[in-house]
Amino acid sequence: MSGIFSKTEYIIIIGCGRLGSTLANDASNNGYDVLVIDSDEDAFRRLHCSYNGLTLTGDGSDIEVLESANISKADTIIVVTDNDNLNILIAQLVNKITTCKHIIIRLYDQQQSLLCDSHEISVICPIELAFNQINDILHRKGDDKYEDKSFNYWRIS
Amino acid sequence: MKTRALIIGGFHKARSLAYLLINRGIDVTVINNSRENCEILANTKNLNVIYGDGTKQYVLDEAEACNVDIAIAMSSRDDVNLIACELCKKLYHVKRVVSIVNDSRKSQLFYDMGVDSVVCATDTVATIIEQQLFLDKIAMSVPLSLGDVEVLELKVTKNALAVGKAIKDLNLPKNIIISYILRQDNGIIPNGNTIIEANDFLIIIADKKNSVIKYFVEK
C-alpha cells in the first residue's frame, strides 16, 4: 500500500488533532521520517500504537521549538492546528526561516487564504473540499440544477 | 479630515492608548472580542467600540478599516496581531500599521510581513525593570531602536571624577556625547570648555552605558 506521501522524506506536522494524527500515522506507516509537534502532550494519544515517528511537545510557533525539530531539514511541513491565525503565522514564519518548498496549511476560514500568497504555501480549506464533494455526489446523481455552481458562488466577498 | 485610529484587541493597554489618542483629537475605534470588556470600553467618552474578532474581515469592514490612517494591534496573542496587521495592510491599505509583539524573536517576521512598527512589550517592560533594579544612579535611560544607542539622564554626584573638570579634559570615549546640561533650572549646551559641576543633570547619548557612569557617579 502506498500512502499519500510519495516523494518526500522528512515530514513535520504541527498540530496533532484528528487531521494531524491521521497524516502522521499514514506517513509513519509508509516508512517516512515524521515528527509531530503539539503543545498538549495528551494529543499524542491519537497516534496509533504502531506509530514510530517522533513527537515533540511545545509551541509550534516558537522558533526554538521549530529549530529543535530540525525544521531546516524538512521536505514537507504541514500546519494543522485548530487555530487559523496561528496556522498562518507558523506558515509565514517557517517560510522565512527555511527554504522548504512544501508548506501546507489548513484554514477553516477561506477568506484568510489571501494572506498566504507565497508560492511555497498551499492552503487547504475543509469547507471548500466538503462543498466540492457534496456537489460531486449530487452531480453524479444527475441532478442538473447543481451543475454550474462552484464554491466561489458562495463566497461572501 | 480628522485622523482615524483603529485599535485591535487589548483591554487595559488599548484603553490607555485610546485615551491618549482621543486627547490628541484623533477619532478612535477599538475592536475587542469580549462583550464584557466592550461594555467597559464603551464608557469612555468619544470612543467607538466594536465587539468582534479583529482578524475577521466582516469585523474590520464594520470598523471601516479602509478609512483608517493608523491601525494598532494590541492583543496578547502574536498570531492575532500578525493577521490583523496583515489584513489592515494588504486588504485595507492602512498607511501606518503598528503591532505589539510578545515574543521578541518574531519582531523580524512582523516587519517582513509589512508591519511598519513593532513594539515588544515584554522586552520593554523587562528593560525598564532591569534599569530600576541595577541602574538607580541613572535617572532614566531610553533605548533607541537603532542598534545599541541609548539616551541617558543622570545626576553628577559630589565626588565624581568629572566634577570641576572641563569636558575636553575628561578623555571621554568617542562613543559618548554630552548633549545637554541642566544646572539649577538653566539649560546649557556644552562644548569642550564647559566645566562639569556636582548636581548637574546630564543628558548623554552613548552606546555603552556602563562606561559612562564611572565619570559622573562616584562608586
# chains A, B, ... in the order shown; residues from 1 in each chain; ligands from 1

$ select_by_dssp --residues "region 1-214 of chain B" --states "helix (DSSP H, G or I)" --output "PyMOL selection string"
chain B and resi 12-23+35-41+57-62+65-67+78-91+104-112+121-134+167-170+210-214

$ interface_residues --of "chain B" --to "chain A" --cutoff "8 Å" --atoms "only C-alpha atoms" --output "PyMOL selection string"
chain B and resi 55+57+79-80+82-83+86-87+90+105+109

$ closest_residue --among "B:Val115, B:Val101, B:Val30, B:Cys120" --to "Gly52 (chain B)" --atoms "only C-alpha atoms"
B:Val30

$ residues_around --residues "Gly58 (chain A)" --least-positions-apart "2" --cutoff "8 Å" --atoms "only C-alpha atoms" --output "PDB file with N, CA, C and O atoms, in the first residue's frame"
ATOM      1  N   ILE A  37       4.447  17.937  16.173  1.00  0.00           N
ATOM      2  CA  ILE A  37       4.580  18.909  17.266  1.00  0.00           C
ATOM      3  C   ILE A  37       3.185  19.255  17.768  1.00  0.00           C
ATOM      4  O   ILE A  37       2.280  19.520  16.971  1.00  0.00           O
ATOM      5  N   ASP A  38       3.014  19.224  19.085  1.00  0.00           N
ATOM      6  CA  ASP A  38       1.766  19.722  19.667  1.00  0.00           C
ATOM      7  C   ASP A  38       2.081  20.268  21.055  1.00  0.00           C
ATOM      8  O   ASP A  38       2.957  19.757  21.741  1.00  0.00           O
ATOM      9  N   SER A  39       1.351  21.302  21.458  1.00  0.00           N
ATOM     10  CA  SER A  39       1.632  21.878  22.772  1.00  0.00           C
ATOM     11  C   SER A  39       1.037  21.023  23.884  1.00  0.00           C
ATOM     12  O   SER A  39       1.413  21.150  25.043  1.00  0.00           O
ATOM     13  N   ASP A  40       0.103  20.150  23.521  1.00  0.00           N
ATOM     14  CA  ASP A  40      -0.559  19.311  24.512  1.00  0.00           C
ATOM     15  C   ASP A  40      -0.084  17.865  24.369  1.00  0.00           C
ATOM     16  O   ASP A  40      -0.324  17.225  23.339  1.00  0.00           O
ATOM     17  N   LEU A  56       7.090  15.894  19.576  1.00  0.00           N
ATOM     18  CA  LEU A  56       7.758  16.997  20.267  1.00  0.00           C
ATOM     19  C   LEU A  56       6.681  17.842  20.927  1.00  0.00           C
ATOM     20  O   LEU A  56       5.773  18.336  20.250  1.00  0.00           O
ATOM     21  N   GLY A  60       4.323  25.277  18.551  1.00  0.00           N
ATOM     22  CA  GLY A  60       4.800  25.201  17.169  1.00  0.00           C
ATOM     23  C   GLY A  60       5.112  26.547  16.547  1.00  0.00           C
ATOM     24  O   GLY A  60       5.660  26.616  15.447  1.00  0.00           O
ATOM     25  N   ASP A  62       6.980  28.706  18.224  1.00  0.00           N
ATOM     26  CA  ASP A  62       8.192  29.132  18.916  1.00  0.00           C
ATOM     27  C   ASP A  62       9.409  28.754  18.070  1.00  0.00           C
ATOM     28  O   ASP A  62       9.582  27.581  17.716  1.00  0.00           O
ATOM     29  N   VAL A  65      11.513  25.885  19.384  1.00  0.00           N
ATOM     30  CA  VAL A  65      10.880  24.573  19.217  1.00  0.00           C
ATOM     31  C   VAL A  65      11.063  24.099  17.774  1.00  0.00           C
ATOM     32  O   VAL A  65      11.430  22.952  17.520  1.00  0.00           O
TER      33      VAL A  65
END

$ select_by_dssp --residues "region 31-153 of chain B" --states "strand (DSSP E or B)" --output "ChimeraX atom specification"
/B:31-32,47-51,70-73,96-101,117-120,138-143,150-153

$ residues_around --residues "Ile78 (chain A)" --least-positions-apart "6" --cutoff "12 Å" --atoms "only C-alpha atoms" --output "short mmCIF file (atom, residue, chain, number, x, y, z; two decimals) with all heavy atoms, in the first residue's frame"
data_model
loop_
_atom_site.label_atom_id
_atom_site.label_comp_id
_atom_site.auth_asym_id
_atom_site.auth_seq_id
_atom_site.Cartn_x
_atom_site.Cartn_y
_atom_site.Cartn_z
N PHE A 5 2.16 10.27 0.96
CA PHE A 5 3.48 10.90 0.86
C PHE A 5 4.35 10.04 -0.03
O PHE A 5 4.70 8.92 0.33
CB PHE A 5 4.14 11.03 2.23
CG PHE A 5 3.34 11.86 3.18
CD1 PHE A 5 2.60 11.26 4.19
CD2 PHE A 5 3.31 13.24 3.06
CE1 PHE A 5 1.85 12.03 5.06
CE2 PHE A 5 2.55 14.00 3.93
CZ PHE A 5 1.82 13.39 4.93
N TYR A 10 11.50 13.78 4.96
CA TYR A 10 11.31 14.21 6.34
C TYR A 10 10.09 15.14 6.40
O TYR A 10 10.07 16.19 5.76
CB TYR A 10 12.57 14.90 6.86
CG TYR A 10 12.47 15.39 8.29
CD1 TYR A 10 11.78 14.66 9.27
CD2 TYR A 10 13.08 16.59 8.69
CE1 TYR A 10 11.70 15.11 10.57
CE2 TYR A 10 13.00 17.05 9.99
CZ TYR A 10 12.31 16.30 10.93
OH TYR A 10 12.22 16.76 12.22
N ILE A 11 9.11 14.73 7.16
CA ILE A 11 7.85 15.46 7.21
C ILE A 11 7.62 15.98 8.63
O ILE A 11 7.71 15.21 9.59
CB ILE A 11 6.67 14.54 6.81
CG1 ILE A 11 6.88 14.01 5.38
CG2 ILE A 11 5.33 15.26 6.91
CD1 ILE A 11 6.30 12.64 5.17
N ILE A 12 7.35 17.25 8.76
CA ILE A 12 6.99 17.81 10.07
C ILE A 12 5.51 18.19 10.05
O ILE A 12 5.05 18.86 9.13
CB ILE A 12 7.87 19.03 10.43
CG1 ILE A 12 9.32 18.60 10.61
CG2 ILE A 12 7.35 19.72 11.69
CD1 ILE A 12 10.26 19.74 10.95
N ILE A 13 4.80 17.73 11.06
CA ILE A 13 3.38 18.05 11.17
C ILE A 13 3.17 18.85 12.45
O ILE A 13 3.58 18.40 13.53
CB ILE A 13 2.52 16.76 11.17
CG1 ILE A 13 2.71 16.02 9.83
CG2 ILE A 13 1.05 17.08 11.41
CD1 ILE A 13 2.21 14.60 9.83
N ILE A 14 2.60 20.02 12.34
CA ILE A 14 2.38 20.85 13.52
C ILE A 14 0.90 20.84 13.85
O ILE A 14 0.06 21.25 13.04
CB ILE A 14 2.90 22.29 13.27
CG1 ILE A 14 4.40 22.25 12.96
CG2 ILE A 14 2.63 23.17 14.50
CD1 ILE A 14 4.98 23.53 12.44
N GLY A 15 0.58 20.33 15.01
CA GLY A 15 -0.80 20.15 15.42
C GLY A 15 -1.16 18.69 15.31
O GLY A 15 -1.14 18.11 14.22
N CYS A 16 -1.45 18.05 16.46
CA CYS A 16 -1.75 16.61 16.44
C CYS A 16 -3.21 16.39 16.79
O CYS A 16 -3.56 15.69 17.73
CB CYS A 16 -0.82 15.87 17.40
SG CYS A 16 -0.88 14.09 17.22
N LEU A 19 -6.78 15.58 12.09
CA LEU A 19 -6.10 15.59 10.81
C LEU A 19 -4.60 15.35 10.96
O LEU A 19 -4.02 14.51 10.27
CB LEU A 19 -6.36 16.94 10.10
CG LEU A 19 -5.73 17.10 8.71
CD1 LEU A 19 -6.16 15.97 7.78
CD2 LEU A 19 -6.11 18.45 8.11
N GLY A 20 -3.99 16.06 11.91
CA GLY A 20 -2.55 15.92 12.11
C GLY A 20 -2.15 14.49 12.44
O GLY A 20 -1.20 13.94 11.88
N SER A 21 -2.91 13.86 13.35
CA SER A 21 -2.57 12.50 13.75
C SER A 21 -2.81 11.51 12.62
O SER A 21 -2.05 10.56 12.42
CB SER A 21 -3.36 12.09 15.00
OG SER A 21 -4.74 12.17 14.75
N LEU A 23 -2.53 12.13 9.39
CA LEU A 23 -1.41 12.31 8.46
C LEU A 23 -0.15 11.66 9.01
O LEU A 23 0.59 10.99 8.29
CB LEU A 23 -1.16 13.80 8.22
CG LEU A 23 -2.22 14.57 7.43
CD1 LEU A 23 -2.00 16.06 7.58
CD2 LEU A 23 -2.19 14.17 5.97
N ALA A 24 0.09 11.86 10.31
CA ALA A 24 1.30 11.32 10.94
C ALA A 24 1.30 9.80 10.90
O ALA A 24 2.31 9.17 10.55
CB ALA A 24 1.41 11.82 12.38
N ALA A 27 2.03 8.65 7.32
CA ALA A 27 3.42 8.86 6.92
C ALA A 27 4.32 7.83 7.60
O ALA A 27 5.22 7.25 6.98
CB ALA A 27 3.87 10.27 7.29
N VAL A 34 8.95 11.11 10.27
CA VAL A 34 7.91 12.08 10.57
C VAL A 34 8.03 12.56 12.01
O VAL A 34 8.43 11.80 12.90
CB VAL A 34 6.49 11.52 10.23
CG1 VAL A 34 6.30 10.16 10.80
CG2 VAL A 34 5.39 12.45 10.70
N LEU A 35 7.77 13.84 12.20
CA LEU A 35 7.79 14.40 13.54
C LEU A 35 6.52 15.23 13.71
O LEU A 35 6.16 16.00 12.83
CB LEU A 35 9.04 15.29 13.71
CG LEU A 35 9.24 15.95 15.07
CD1 LEU A 35 10.71 16.00 15.43
CD2 LEU A 35 8.68 17.36 15.12
N VAL A 36 5.85 15.02 14.84
CA VAL A 36 4.62 15.78 15.12
C VAL A 36 4.88 16.70 16.30
O VAL A 36 5.45 16.28 17.31
CB VAL A 36 3.44 14.86 15.50
CG1 VAL A 36 2.12 15.59 15.26
CG2 VAL A 36 3.46 13.58 14.73
N ILE A 37 4.45 17.94 16.17
CA ILE A 37 4.58 18.91 17.27
C ILE A 37 3.18 19.26 17.77
O ILE A 37 2.28 19.52 16.97
CB ILE A 37 5.28 20.20 16.77
CG1 ILE A 37 6.66 19.89 16.17
CG2 ILE A 37 5.41 21.21 17.92
CD1 ILE A 37 7.33 21.09 15.54
N GLY A 60 4.32 25.28 18.55
CA GLY A 60 4.80 25.20 17.17
C GLY A 60 5.11 26.55 16.55
O GLY A 60 5.66 26.62 15.45
N ILE A 71 13.87 21.96 11.68
CA ILE A 71 12.94 22.43 10.65
C ILE A 71 13.62 22.68 9.30
O ILE A 71 13.03 22.49 8.24
CB ILE A 71 12.22 23.72 11.15
CG1 ILE A 71 11.00 24.05 10.30
CG2 ILE A 71 13.14 24.93 11.19
CD1 ILE A 71 9.73 23.60 10.87
N ASN A 87 -2.01 29.09 12.37
CA ASN A 87 -1.53 28.38 11.19
C ASN A 87 -0.85 29.33 10.21
O ASN A 87 0.22 29.02 9.66
CB ASN A 87 -2.67 27.63 10.50
CG ASN A 87 -3.14 26.43 11.30
OD1 ASN A 87 -2.50 26.03 12.26
ND2 ASN A 87 -4.28 25.88 10.91
N ILE A 88 -1.47 30.49 9.99
CA ILE A 88 -0.88 31.45 9.06
C ILE A 88 0.45 31.96 9.60
O ILE A 88 1.44 32.02 8.88
CB ILE A 88 -1.84 32.64 8.80
CG1 ILE A 88 -3.13 32.14 8.15
CG2 ILE A 88 -1.19 33.68 7.90
CD1 ILE A 88 -4.20 33.21 7.99
N ILE A 90 2.53 30.52 11.69
CA ILE A 90 3.55 29.48 11.62
C ILE A 90 4.04 29.30 10.18
O ILE A 90 5.24 29.24 9.92
CB ILE A 90 3.03 28.14 12.19
CG1 ILE A 90 2.74 28.28 13.69
CG2 ILE A 90 4.03 27.02 11.96
CD1 ILE A 90 2.04 27.08 14.32
N ALA A 91 3.09 29.27 9.24
CA ALA A 91 3.47 29.08 7.83
C ALA A 91 4.38 30.20 7.36
O ALA A 91 5.40 29.96 6.69
CB ALA A 91 2.22 29.01 6.96
N VAL A 94 7.82 29.87 9.15
CA VAL A 94 8.59 28.76 8.59
C VAL A 94 9.11 29.11 7.19
O VAL A 94 10.23 28.81 6.82
CB VAL A 94 7.70 27.49 8.55
CG1 VAL A 94 8.29 26.44 7.64
CG2 VAL A 94 7.52 26.93 9.95
N ASN A 95 8.28 29.81 6.44
CA ASN A 95 8.66 30.22 5.10
C ASN A 95 9.84 31.19 5.13
O ASN A 95 10.65 31.23 4.21
CB ASN A 95 7.46 30.88 4.41
CG ASN A 95 7.64 30.97 2.92
OD1 ASN A 95 8.42 30.22 2.34
ND2 ASN A 95 6.92 31.88 2.29
N CYS A 100 12.15 25.41 2.78
CA CYS A 100 11.19 24.35 2.48
C CYS A 100 10.20 24.79 1.39
O CYS A 100 9.63 25.87 1.46
CB CYS A 100 10.42 23.98 3.75
SG CYS A 100 9.26 22.64 3.50
N LYS A 101 10.04 23.95 0.39
CA LYS A 101 9.20 24.31 -0.77
C LYS A 101 7.75 23.86 -0.60
O LYS A 101 6.88 24.26 -1.36
CB LYS A 101 9.78 23.69 -2.05
CG LYS A 101 11.11 24.27 -2.45
CD LYS A 101 10.93 25.55 -3.29
CE LYS A 101 12.26 26.21 -3.59
NZ LYS A 101 12.67 27.16 -2.52
N HIS A 102 7.52 22.96 0.35
CA HIS A 102 6.15 22.46 0.51
C HIS A 102 5.65 22.75 1.92
O HIS A 102 5.92 22.00 2.85
CB HIS A 102 6.09 20.95 0.27
CG HIS A 102 6.53 20.57 -1.09
ND1 HIS A 102 5.76 20.79 -2.20
CD2 HIS A 102 7.67 19.99 -1.53
CE1 HIS A 102 6.41 20.37 -3.26
NE2 HIS A 102 7.58 19.88 -2.90
N ILE A 103 4.94 23.85 2.05
CA ILE A 103 4.31 24.18 3.32
C ILE A 103 2.80 24.12 3.06
O ILE A 103 2.30 24.80 2.18
CB ILE A 103 4.72 25.58 3.82
CG1 ILE A 103 6.24 25.67 3.96
CG2 ILE A 103 4.05 25.90 5.14
CD1 ILE A 103 6.76 27.07 4.13
N ILE A 104 2.14 23.24 3.78
CA ILE A 104 0.71 23.06 3.57
C ILE A 104 -0.02 23.48 4.84
O ILE A 104 0.36 23.04 5.94
CB ILE A 104 0.38 21.60 3.22
CG1 ILE A 104 1.17 21.17 1.98
CG2 ILE A 104 -1.12 21.41 2.99
CD1 ILE A 104 1.23 19.68 1.78
N ILE A 105 -1.02 24.32 4.73
CA ILE A 105 -1.76 24.72 5.93
C ILE A 105 -3.25 24.52 5.72
O ILE A 105 -3.76 24.58 4.61
CB ILE A 105 -1.46 26.17 6.38
CG1 ILE A 105 -2.14 27.20 5.48
CG2 ILE A 105 0.03 26.44 6.42
CD1 ILE A 105 -2.07 28.59 6.07
N ARG A 106 -3.91 24.28 6.83
CA ARG A 106 -5.36 24.12 6.80
C ARG A 106 -5.99 25.39 7.38
O ARG A 106 -5.61 25.85 8.46
CB ARG A 106 -5.76 22.90 7.65
CG ARG A 106 -7.23 22.55 7.67
CD ARG A 106 -7.98 22.95 8.92
NE ARG A 106 -7.32 22.56 10.14
CZ ARG A 106 -7.59 21.43 10.81
NH1 ARG A 106 -8.47 20.59 10.35
NH2 ARG A 106 -6.97 21.18 11.95
N LEU A 107 -6.93 25.97 6.65
CA LEU A 107 -7.65 27.13 7.14
C LEU A 107 -9.15 26.85 7.11
O LEU A 107 -9.68 26.47 6.07
CB LEU A 107 -7.37 28.36 6.25
CG LEU A 107 -5.96 28.96 6.27
CD1 LEU A 107 -5.93 30.20 5.38
CD2 LEU A 107 -5.54 29.32 7.68
N GLU A 120 5.33 28.99 -1.85
CA GLU A 120 5.67 27.81 -1.06
C GLU A 120 4.50 27.32 -0.21
O GLU A 120 4.48 26.18 0.21
CB GLU A 120 6.86 28.11 -0.13
CG GLU A 120 8.20 28.24 -0.82
CD GLU A 120 8.44 29.63 -1.38
OE1 GLU A 120 7.61 30.53 -1.13
OE2 GLU A 120 9.44 29.80 -2.10
N ILE A 121 3.53 28.21 0.04
CA ILE A 121 2.45 27.85 0.96
C ILE A 121 1.19 27.44 0.18
O ILE A 121 0.69 28.20 -0.64
CB ILE A 121 2.11 29.04 1.90
CG1 ILE A 121 3.38 29.48 2.65
CG2 ILE A 121 1.00 28.65 2.88
CD1 ILE A 121 3.19 30.71 3.52
N SER A 122 0.72 26.22 0.43
CA SER A 122 -0.55 25.78 -0.16
C SER A 122 -1.60 25.76 0.93
O SER A 122 -1.33 25.30 2.04
CB SER A 122 -0.42 24.38 -0.74
OG SER A 122 0.79 24.24 -1.43
N VAL A 123 -2.78 26.23 0.60
CA VAL A 123 -3.86 26.30 1.58
C VAL A 123 -4.92 25.26 1.24
O VAL A 123 -5.32 25.14 0.10
CB VAL A 123 -4.50 27.71 1.58
CG1 VAL A 123 -5.66 27.76 2.56
CG2 VAL A 123 -3.46 28.76 1.92
N ILE A 124 -5.31 24.49 2.25
CA ILE A 124 -6.48 23.63 2.05
C ILE A 124 -7.59 24.11 2.97
O ILE A 124 -7.35 24.52 4.10
CB ILE A 124 -6.19 22.13 2.29
CG1 ILE A 124 -5.65 21.92 3.69
CG2 ILE A 124 -5.24 21.58 1.25
CD1 ILE A 124 -5.91 20.53 4.19
#

$ residues_around --residues "Leu60 (chain B)" --least-positions-apart "5" --cutoff "9 Å" --atoms "only C-alpha atoms" --output "JSON, numbers by chain"
{"B": [31, 52, 53, 54, 55, 65, 66, 84, 87, 88, 92]}

$ write_last_selection --atoms "N, CA, C and O atoms" --output "CSV table (one decimal), in the first residue's frame"
chain,number,residue,atom,x,y,z
B,31,ILE,N,-11.6,47.5,18.7
B,31,ILE,CA,-12.2,46.2,18.5
B,31,ILE,C,-11.8,45.3,19.6
B,31,ILE,O,-10.6,45.2,19.9
B,52,GLY,N,-16.1,42.1,18.5
B,52,GLY,CA,-15.9,41.1,17.5
B,52,GLY,C,-14.4,40.7,17.4
B,52,GLY,O,-13.5,41.2,18.1
B,53,ASP,N,-14.1,39.8,16.5
B,53,ASP,CA,-12.8,39.2,16.3
B,53,ASP,C,-12.1,40.1,15.2
B,53,ASP,O,-12.5,40.1,14.1
B,54,GLY,N,-11.0,40.8,15.6
B,54,GLY,CA,-10.4,41.7,14.8
B,54,GLY,C,-9.6,41.1,13.6
B,54,GLY,O,-9.0,41.8,12.8
B,55,THR,N,-9.6,39.8,13.6
B,55,THR,CA,-8.9,39.1,12.4
B,55,THR,C,-9.9,38.7,11.4
B,55,THR,O,-9.6,38.0,10.4
B,65,ALA,N,-12.2,49.8,8.3
B,65,ALA,CA,-10.7,49.8,8.3
B,65,ALA,C,-10.2,50.5,7.0
B,65,ALA,O,-9.0,51.0,7.0
B,66,CYS,N,-11.0,50.5,5.9
B,66,CYS,CA,-10.4,51.2,4.7
B,66,CYS,C,-10.3,52.7,4.9
B,66,CYS,O,-9.5,53.3,4.1
B,84,ALA,N,-4.2,40.4,12.0
B,84,ALA,CA,-4.9,41.7,12.0
B,84,ALA,C,-4.1,42.8,11.2
B,84,ALA,O,-4.7,43.5,10.4
B,87,LEU,N,-4.0,42.0,7.4
B,87,LEU,CA,-5.3,42.3,6.8
B,87,LEU,C,-5.4,43.8,6.6
B,87,LEU,O,-5.8,44.3,5.5
B,88,CYS,N,-5.0,44.6,7.6
B,88,CYS,CA,-5.1,46.0,7.5
B,88,CYS,C,-4.2,46.5,6.4
B,88,CYS,O,-4.5,47.5,5.7
B,92,TYR,N,-6.8,46.5,3.4
B,92,TYR,CA,-7.4,47.8,3.6
B,92,TYR,C,-6.4,48.9,3.3
B,92,TYR,O,-6.8,50.1,3.4

$ closest_residue --among "B:Asp61, B:Arg15, B:Gly25, B:Ser99" --to "Leu41 (chain B)" --atoms "only C-alpha atoms"
B:Arg15

$ atom_distance --atom1 "CA of Ser179 (chain B)" --atom2 "CA of Glu218 (chain B)"
21.0 Å

$ atom_distance --atom1 "CA of Glu128 (chain A)" --atom2 "CA of Arg18 (chain A)"
18.2 Å
